[in-house]
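These notes concern the structure reproduced below.
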Amino acid sequence: MNAASKSSEPERWQLQPGDVLLVTDIQNDFLPGGALAVAGGDEVVPVLNRYVDAFQAQGLPVYATRDWHPLRHCSFHAQGGPWPVHCVAGTHGADFAAALTLPPDTTVTSKATSRDREAYSSFQGTDLDSRLRAAGIRRLFIGGLTTDYCVLNTVRDARRLGYEVFVLADAIRAVDVRAGDGQRAEAEMASLGAQFITLDGLDA
């Protein structure tokens, strides 16, 4: 059960200046049929598209992150890592899902681009924080893949850096390498001060 679904009434929320939508790793390799497919990963795409529409309607920015691995990245099995080869830079598997309707002016952040360094967080080894601060961003609305890795680690860093964080509970899915990883990640994010919201709670 997602944290936001524990209450019968969705939390009400409104968009405001200083908000950004951060779409996390909606790439072919994480969707059904991909090299590291996440169960239900494709289900978040139409929901995220609606969030994109809501932010665009308010003139607010949309950012997107992506794994952009070199060949023989340290996270791959052959290099002793925990994952199969996935999201190699420039391949179809690393492309954003075709059904994801990112606006033309989306700011794209590539992560885990160094062969010898893993980077689950969208902030690790990137210029995301400086870009957000330059744009006057104060609140991050984060959805995508996966709850227990890249979303969780991005939320950890965002809270450490002082951003207010909203997790899109209807637009995340977990890998669940161990049963319950997704639920544990949600609990940790909540303990860090992240709020869980859904589209149903948006005040137009």
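Labels for the structure tokens follow display order: chains A, B, ..., residues from 1 in each chain, ligands from 1.
The environment of Ala174 of chain A within 6 Å, counting only C-alpha atoms and disregarding residues fewer than 2 places along the same chain, consists of Thr146, Thr147, Asp148, Asp176 and Gly182 of chain A.
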Output C-alpha atoms for every residue in that selection, as a PDB file, in the first residue's frame.
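In the end it all went to again.pdb:
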ATOM      1  CA  THR A 146      12.237   3.079  -8.783  1.00  0.00           C
ATOM      2  CA  THR A 147      10.759   3.694  -5.341  1.00  0.00           C
ATOM      3  CA  ASP A 148      13.472   1.774  -3.495  1.00  0.00           C
ATOM      4  CA  ASP A 176      11.472  -5.101  -4.497  1.00  0.00           C
ATOM      5  CA  GLY A 182       9.305  -0.495  -1.645  1.00  0.00           C
TER       6      GLY A 182
END
So that each row is one residue of segment 82-183 of chain A with an atom at most 8 Å from segment 13-22 of chain A, can you give its shortest atom pair and the distance in Å to one decimal, using only C-alpha atoms, rows by chain and rising number, as a Markdown table?
| residue | atom | partner | partner_atom | distance |
| --- | --- | --- | --- | --- |
| A:Ala135 | CA | A:Gly18 | CA | 7.9 |
| A:Gly136 | CA | A:Gly18 | CA | 5.7 |
| A:Ile137 | CA | A:Gly18 | CA | 4.3 |
| A:Arg138 | CA | A:Gly18 | CA | 5.2 |
| A:Arg139 | CA | A:Asp19 | CA | 4.8 |
| A:Leu140 | CA | A:Val20 | CA | 5.3 |
| A:Phe141 | CA | A:Leu21 | CA | 4.9 |
| A:Ile142 | CA | A:Leu22 | CA | 4.9 |
| A:Gly143 | CA | A:Leu22 | CA | 6.6 |
Review point. So how far away is atom CA of Thr154 of chain A from atom CA of Ser122 of chain A, in Å?
Key: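 Straight-line distance from atom CA of Ser122 of chain A to atom CA of Thr154 of chain A works out to 5.4 Å.
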Practice item. May I ask which of the residues A:Ser75, A:Thr198, A:Asn153, A:Thr91 is the closest one to Arg117 of chain A, counting only C-alpha atoms? Key: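 Closest candidate: A:Ser75.
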Exercise for review: Please identify which residues in segment 4-195 of chain A DSSP calls helix (DSSP H, G or I) from the backbone, and express them as a ChimeraX atom specification.
Suggested key: /A:4-6,28-30,41-57,77-79,92-94,128-134,147-160,181-191
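Between Thr126 of chain A and the residues A:Tyr51, A:Gly201, A:Val175, A:Arg66, the shortest atom-to-atom distance, using only C-alpha atoms, involves A:Arg66.
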Check your understanding: From the set A:Gln79, A:Ala94, A:Leu161, A:Leu60, which residue has the shortest atom-to-atom contact distance to Thr106 of chain A, counting only C-alpha atoms?
Key ->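 Under the stated criterion, the closest residue is A:Leu60.
The protein and nucleic acid residues lying at most 12 Å from Gly81 of chain A are A:Arg72, A:His73, A:Cys74, A:Ser75, A:Phe76, A:His77, A:Ala78, A:Pro84, A:Val85, A:His86, A:Arg115, A:Asp116, A:Arg117, A:Glu118, with only C-alpha atoms considered and sequence neighbours fewer than 3 positions away removed.
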Output for the residues just chosen: all heavy atoms as a compact mmCIF listing (two decimals), in the first residue's frame:
# COMPACT_ATOMS: atom_id res chain seq x y z
N ARG A 72 30.48 -1.56 -19.51
CA ARG A 72 31.23 -2.12 -18.38
C ARG A 72 31.12 -1.24 -17.14
O ARG A 72 32.08 -1.07 -16.39
CB ARG A 72 32.69 -2.36 -18.78
CG ARG A 72 32.85 -3.43 -19.86
CD ARG A 72 34.28 -3.65 -20.27
NE ARG A 72 34.85 -2.48 -20.93
CZ ARG A 72 34.63 -2.18 -22.22
NH1 ARG A 72 33.86 -2.96 -22.97
NH2 ARG A 72 35.18 -1.12 -22.75
N HIS A 73 29.92 -0.71 -16.91
CA HIS A 73 29.69 0.07 -15.69
C HIS A 73 29.79 -0.83 -14.47
O HIS A 73 29.47 -2.02 -14.52
CB HIS A 73 28.30 0.73 -15.76
CG HIS A 73 28.04 1.67 -14.64
ND1 HIS A 73 27.18 1.37 -13.60
CD2 HIS A 73 28.54 2.90 -14.37
CE1 HIS A 73 27.15 2.39 -12.75
NE2 HIS A 73 27.96 3.33 -13.19
N CYS A 74 30.23 -0.24 -13.36
CA CYS A 74 30.49 -1.03 -12.15
C CYS A 74 29.23 -1.70 -11.59
O CYS A 74 29.34 -2.66 -10.80
CB CYS A 74 31.12 -0.15 -11.08
SG CYS A 74 30.08 1.22 -10.51
N SER A 75 28.05 -1.25 -11.98
CA SER A 75 26.82 -1.86 -11.46
C SER A 75 26.42 -3.12 -12.21
O SER A 75 25.50 -3.83 -11.77
CB SER A 75 25.67 -0.86 -11.52
OG SER A 75 25.26 -0.63 -12.87
N PHE A 76 27.08 -3.45 -13.30
CA PHE A 76 26.70 -4.60 -14.12
C PHE A 76 27.29 -5.89 -13.55
O PHE A 76 28.37 -5.90 -12.96
CB PHE A 76 27.18 -4.41 -15.56
CG PHE A 76 26.60 -3.21 -16.27
CD1 PHE A 76 27.22 -2.71 -17.41
CD2 PHE A 76 25.45 -2.57 -15.80
CE1 PHE A 76 26.70 -1.61 -18.08
CE2 PHE A 76 24.93 -1.47 -16.46
CZ PHE A 76 25.55 -0.98 -17.61
N HIS A 77 26.58 -7.00 -13.77
CA HIS A 77 27.01 -8.30 -13.26
C HIS A 77 28.45 -8.62 -13.62
O HIS A 77 29.23 -9.08 -12.78
CB HIS A 77 26.11 -9.42 -13.81
CG HIS A 77 24.73 -9.45 -13.23
ND1 HIS A 77 24.46 -9.15 -11.91
CD2 HIS A 77 23.53 -9.76 -13.80
CE1 HIS A 77 23.16 -9.27 -11.69
NE2 HIS A 77 22.57 -9.63 -12.82
N ALA A 78 28.82 -8.38 -14.88
CA ALA A 78 30.15 -8.77 -15.35
C ALA A 78 31.27 -8.01 -14.63
O ALA A 78 32.41 -8.48 -14.56
CB ALA A 78 30.27 -8.54 -16.86
N PRO A 84 21.88 -6.53 -14.20
CA PRO A 84 22.23 -6.83 -15.60
C PRO A 84 22.58 -5.55 -16.33
O PRO A 84 22.28 -4.44 -15.86
CB PRO A 84 20.94 -7.46 -16.15
CG PRO A 84 19.84 -6.90 -15.30
CD PRO A 84 20.43 -6.74 -13.93
N VAL A 85 23.19 -5.70 -17.49
CA VAL A 85 23.52 -4.52 -18.31
C VAL A 85 22.22 -3.78 -18.64
O VAL A 85 21.24 -4.39 -19.09
CB VAL A 85 24.23 -4.95 -19.61
CG1 VAL A 85 24.44 -3.74 -20.52
CG2 VAL A 85 25.56 -5.60 -19.28
N HIS A 86 22.20 -2.47 -18.39
CA HIS A 86 20.99 -1.68 -18.65
C HIS A 86 21.36 -0.21 -18.88
O HIS A 86 22.39 0.26 -18.40
CB HIS A 86 20.02 -1.79 -17.47
CG HIS A 86 20.54 -1.16 -16.21
ND1 HIS A 86 21.46 -1.79 -15.39
CD2 HIS A 86 20.30 0.05 -15.63
CE1 HIS A 86 21.75 -1.01 -14.36
NE2 HIS A 86 21.07 0.12 -14.49
N ARG A 115 32.29 5.12 -15.17
CA ARG A 115 32.35 3.66 -15.16
C ARG A 115 32.50 3.09 -13.76
O ARG A 115 31.94 2.03 -13.44
CB ARG A 115 33.51 3.19 -16.04
CG ARG A 115 33.64 1.67 -16.14
CD ARG A 115 34.76 1.29 -17.08
NE ARG A 115 34.51 1.73 -18.44
CZ ARG A 115 35.37 1.60 -19.44
NH1 ARG A 115 36.55 1.06 -19.22
NH2 ARG A 115 35.06 2.01 -20.65
N ASP A 116 33.24 3.77 -12.90
CA ASP A 116 33.59 3.20 -11.60
C ASP A 116 32.76 3.75 -10.45
O ASP A 116 33.09 3.52 -9.29
CB ASP A 116 35.07 3.45 -11.31
CG ASP A 116 35.98 2.78 -12.33
OD1 ASP A 116 35.62 1.68 -12.80
OD2 ASP A 116 37.02 3.35 -12.68
N ARG A 117 31.65 4.46 -10.76
CA ARG A 117 30.85 5.03 -9.67
C ARG A 117 29.37 4.79 -9.93
O ARG A 117 28.86 5.12 -11.01
CB ARG A 117 31.09 6.54 -9.53
CG ARG A 117 32.49 6.90 -9.06
CD ARG A 117 32.59 8.38 -8.76
NE ARG A 117 31.73 8.77 -7.64
CZ ARG A 117 31.49 10.03 -7.30
NH1 ARG A 117 32.03 11.02 -7.99
NH2 ARG A 117 30.71 10.30 -6.27
N GLU A 118 28.69 4.21 -8.94
CA GLU A 118 27.24 4.10 -9.00
C GLU A 118 26.64 5.43 -8.56
O GLU A 118 27.28 6.19 -7.83
CB GLU A 118 26.76 2.96 -8.09
CG GLU A 118 25.26 2.73 -8.10
CD GLU A 118 24.69 2.46 -9.47
OE1 GLU A 118 24.54 3.42 -10.25
OE2 GLU A 118 24.38 1.29 -9.75
Check your understanding: Looking at only C-alpha atoms, which of A:Asp105, A:Glu188, A:Asp53, A:Asp157 is the one that sits closest to Gly125 of chain A?
Key ->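 Among the listed residues, the smallest separation from Gly125 of chain A belongs to A:Asp157.
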Point to revise | Every residue of segment 24-115 of chain A that DSSP places in strand (DSSP E or B), as a ChimeraX atom specification | key: /A:24,27,62-67,69,76,83,88,96,107-111
Output for the residues just chosen: all heavy atoms as a compact mmCIF listing (two decimals), in the first residue's frame:
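Final output, result_25.txt:
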# COMPACT_ATOMS: atom_id res chain seq x y z
N THR A 24 11.71 10.62 -12.91
CA THR A 24 12.91 9.82 -12.63
C THR A 24 12.95 8.54 -13.45
O THR A 24 12.11 7.65 -13.28
CB THR A 24 12.97 9.48 -11.13
OG1 THR A 24 12.88 10.68 -10.36
CG2 THR A 24 14.25 8.76 -10.78
N GLN A 27 12.75 4.97 -18.51
CA GLN A 27 13.56 4.51 -19.64
C GLN A 27 13.15 3.10 -20.05
O GLN A 27 12.65 2.32 -19.23
CB GLN A 27 15.04 4.54 -19.26
CG GLN A 27 15.55 5.95 -18.95
CD GLN A 27 16.94 5.93 -18.33
OE1 GLN A 27 17.07 5.95 -17.10
NE2 GLN A 27 17.97 5.90 -19.17
N VAL A 62 9.69 21.21 -15.94
CA VAL A 62 9.75 19.76 -15.86
C VAL A 62 11.21 19.35 -16.08
O VAL A 62 11.84 19.77 -17.05
CB VAL A 62 8.85 19.10 -16.92
CG1 VAL A 62 9.02 17.58 -16.91
CG2 VAL A 62 7.39 19.48 -16.70
N TYR A 63 11.73 18.56 -15.16
CA TYR A 63 13.07 18.00 -15.29
C TYR A 63 12.91 16.48 -15.40
O TYR A 63 11.96 15.90 -14.88
CB TYR A 63 13.93 18.30 -14.06
CG TYR A 63 14.47 19.70 -13.97
CD1 TYR A 63 13.67 20.82 -14.25
CD2 TYR A 63 15.78 19.93 -13.58
CE1 TYR A 63 14.17 22.11 -14.16
CE2 TYR A 63 16.29 21.21 -13.47
CZ TYR A 63 15.49 22.30 -13.76
OH TYR A 63 15.99 23.57 -13.66
N ALA A 64 13.86 15.85 -16.08
CA ALA A 64 13.85 14.39 -16.21
C ALA A 64 15.27 13.87 -16.00
O ALA A 64 16.24 14.47 -16.49
CB ALA A 64 13.33 13.96 -17.57
N THR A 65 15.37 12.77 -15.26
CA THR A 65 16.67 12.15 -15.05
C THR A 65 16.72 10.82 -15.79
O THR A 65 15.69 10.22 -16.09
CB THR A 65 16.96 11.92 -13.56
OG1 THR A 65 16.07 10.90 -13.06
CG2 THR A 65 16.78 13.19 -12.76
N ARG A 66 17.94 10.38 -16.04
CA ARG A 66 18.12 9.10 -16.73
C ARG A 66 19.44 8.47 -16.32
O ARG A 66 20.44 9.16 -16.10
CB ARG A 66 18.10 9.28 -18.24
CG ARG A 66 19.23 10.16 -18.77
CD ARG A 66 19.11 10.42 -20.26
NE ARG A 66 20.21 11.25 -20.76
CZ ARG A 66 20.31 11.69 -22.01
NH1 ARG A 66 19.37 11.38 -22.91
NH2 ARG A 66 21.34 12.43 -22.38
N ASP A 67 19.44 7.14 -16.17
CA ASP A 67 20.69 6.40 -16.10
C ASP A 67 21.34 6.48 -17.47
O ASP A 67 20.66 6.29 -18.50
CB ASP A 67 20.41 4.93 -15.76
CG ASP A 67 20.33 4.66 -14.26
OD1 ASP A 67 20.49 5.61 -13.48
OD2 ASP A 67 20.11 3.49 -13.89
N HIS A 69 24.65 4.96 -18.55
CA HIS A 69 25.84 4.21 -18.17
C HIS A 69 26.82 4.03 -19.33
O HIS A 69 26.40 3.80 -20.47
CB HIS A 69 25.44 2.82 -17.69
CG HIS A 69 24.61 2.81 -16.45
ND1 HIS A 69 24.91 3.56 -15.33
CD2 HIS A 69 23.47 2.12 -16.14
CE1 HIS A 69 24.00 3.33 -14.40
NE2 HIS A 69 23.12 2.47 -14.86
N PHE A 76 27.08 -3.45 -13.30
CA PHE A 76 26.70 -4.60 -14.12
C PHE A 76 27.29 -5.89 -13.55
O PHE A 76 28.37 -5.90 -12.96
CB PHE A 76 27.18 -4.41 -15.56
CG PHE A 76 26.60 -3.21 -16.27
CD1 PHE A 76 27.22 -2.71 -17.41
CD2 PHE A 76 25.45 -2.57 -15.80
CE1 PHE A 76 26.70 -1.61 -18.08
CE2 PHE A 76 24.93 -1.47 -16.46
CZ PHE A 76 25.55 -0.98 -17.61
N TRP A 83 23.38 -5.69 -10.98
CA TRP A 83 22.35 -5.57 -12.02
C TRP A 83 22.82 -6.10 -13.37
O TRP A 83 24.01 -6.08 -13.68
CB TRP A 83 21.96 -4.09 -12.21
CG TRP A 83 21.58 -3.38 -10.95
CD1 TRP A 83 22.24 -2.33 -10.39
CD2 TRP A 83 20.46 -3.65 -10.10
NE1 TRP A 83 21.60 -1.93 -9.24
CE2 TRP A 83 20.50 -2.71 -9.04
CE3 TRP A 83 19.42 -4.58 -10.13
CZ2 TRP A 83 19.55 -2.69 -8.02
CZ3 TRP A 83 18.48 -4.56 -9.12
CH2 TRP A 83 18.54 -3.63 -8.08
N VAL A 88 22.59 1.63 -21.19
CA VAL A 88 23.90 2.05 -21.73
C VAL A 88 23.68 3.27 -22.62
O VAL A 88 22.79 3.28 -23.48
CB VAL A 88 24.55 0.90 -22.51
CG1 VAL A 88 25.82 1.38 -23.23
CG2 VAL A 88 24.87 -0.26 -21.58
N PHE A 96 14.19 7.48 -23.21
CA PHE A 96 12.94 7.65 -22.48
C PHE A 96 11.82 6.88 -23.19
O PHE A 96 11.84 6.74 -24.41
CB PHE A 96 12.56 9.13 -22.40
CG PHE A 96 13.48 9.95 -21.54
CD1 PHE A 96 14.17 11.03 -22.05
CD2 PHE A 96 13.66 9.63 -20.19
CE1 PHE A 96 15.01 11.79 -21.25
CE2 PHE A 96 14.50 10.38 -19.38
CZ PHE A 96 15.18 11.46 -19.92
N THR A 107 14.47 19.86 -18.88
CA THR A 107 15.88 19.79 -18.51
C THR A 107 16.22 18.35 -18.16
O THR A 107 15.60 17.76 -17.27
CB THR A 107 16.16 20.69 -17.29
OG1 THR A 107 15.88 22.05 -17.65
CG2 THR A 107 17.61 20.58 -16.84
N VAL A 108 17.18 17.77 -18.89
CA VAL A 108 17.55 16.36 -18.71
C VAL A 108 18.86 16.26 -17.95
O VAL A 108 19.84 16.92 -18.29
CB VAL A 108 17.66 15.65 -20.07
CG1 VAL A 108 18.14 14.21 -19.87
CG2 VAL A 108 16.32 15.67 -20.80
N THR A 109 18.86 15.45 -16.91
CA THR A 109 20.06 15.19 -16.13
C THR A 109 20.45 13.73 -16.29
O THR A 109 19.65 12.84 -16.00
CB THR A 109 19.82 15.49 -14.63
OG1 THR A 109 19.58 16.89 -14.47
CG2 THR A 109 21.02 15.09 -13.80
N SER A 110 21.67 13.49 -16.75
CA SER A 110 22.20 12.13 -16.90
C SER A 110 23.03 11.80 -15.67
O SER A 110 23.82 12.61 -15.20
CB SER A 110 23.07 12.03 -18.15
OG SER A 110 22.33 12.34 -19.31
N LYS A 111 22.83 10.58 -15.16
CA LYS A 111 23.54 10.18 -13.94
C LYS A 111 24.20 8.82 -14.12
O LYS A 111 23.90 8.10 -15.08
CB LYS A 111 22.60 10.17 -12.74
CG LYS A 111 21.41 9.25 -12.86
CD LYS A 111 20.44 9.47 -11.71
CE LYS A 111 19.19 8.64 -11.86
NZ LYS A 111 19.41 7.20 -11.78
Check your understanding: Which polymer residues have any atom within 8 Å of an atom of segment 36-46 of chain A, counting only C-alpha atoms, with same-chain residues fewer than 4 positions away left out, as an NGL selection string?
Key -> :A and (26 or 29-32 or 50 or 83-84 or 86 or 99-100 or 144-146 or 170-175)
Point to revise | From A:Pro10, A:Gly80, A:Gly93, A:Pro61, residue lying nearest Gln195 of chain A [only C-alpha atoms] | key: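 Of A:Pro10, A:Gly80, A:Gly93, A:Pro61, the one nearest Gln195 of chain A is A:Pro10, counting only C-alpha atoms.
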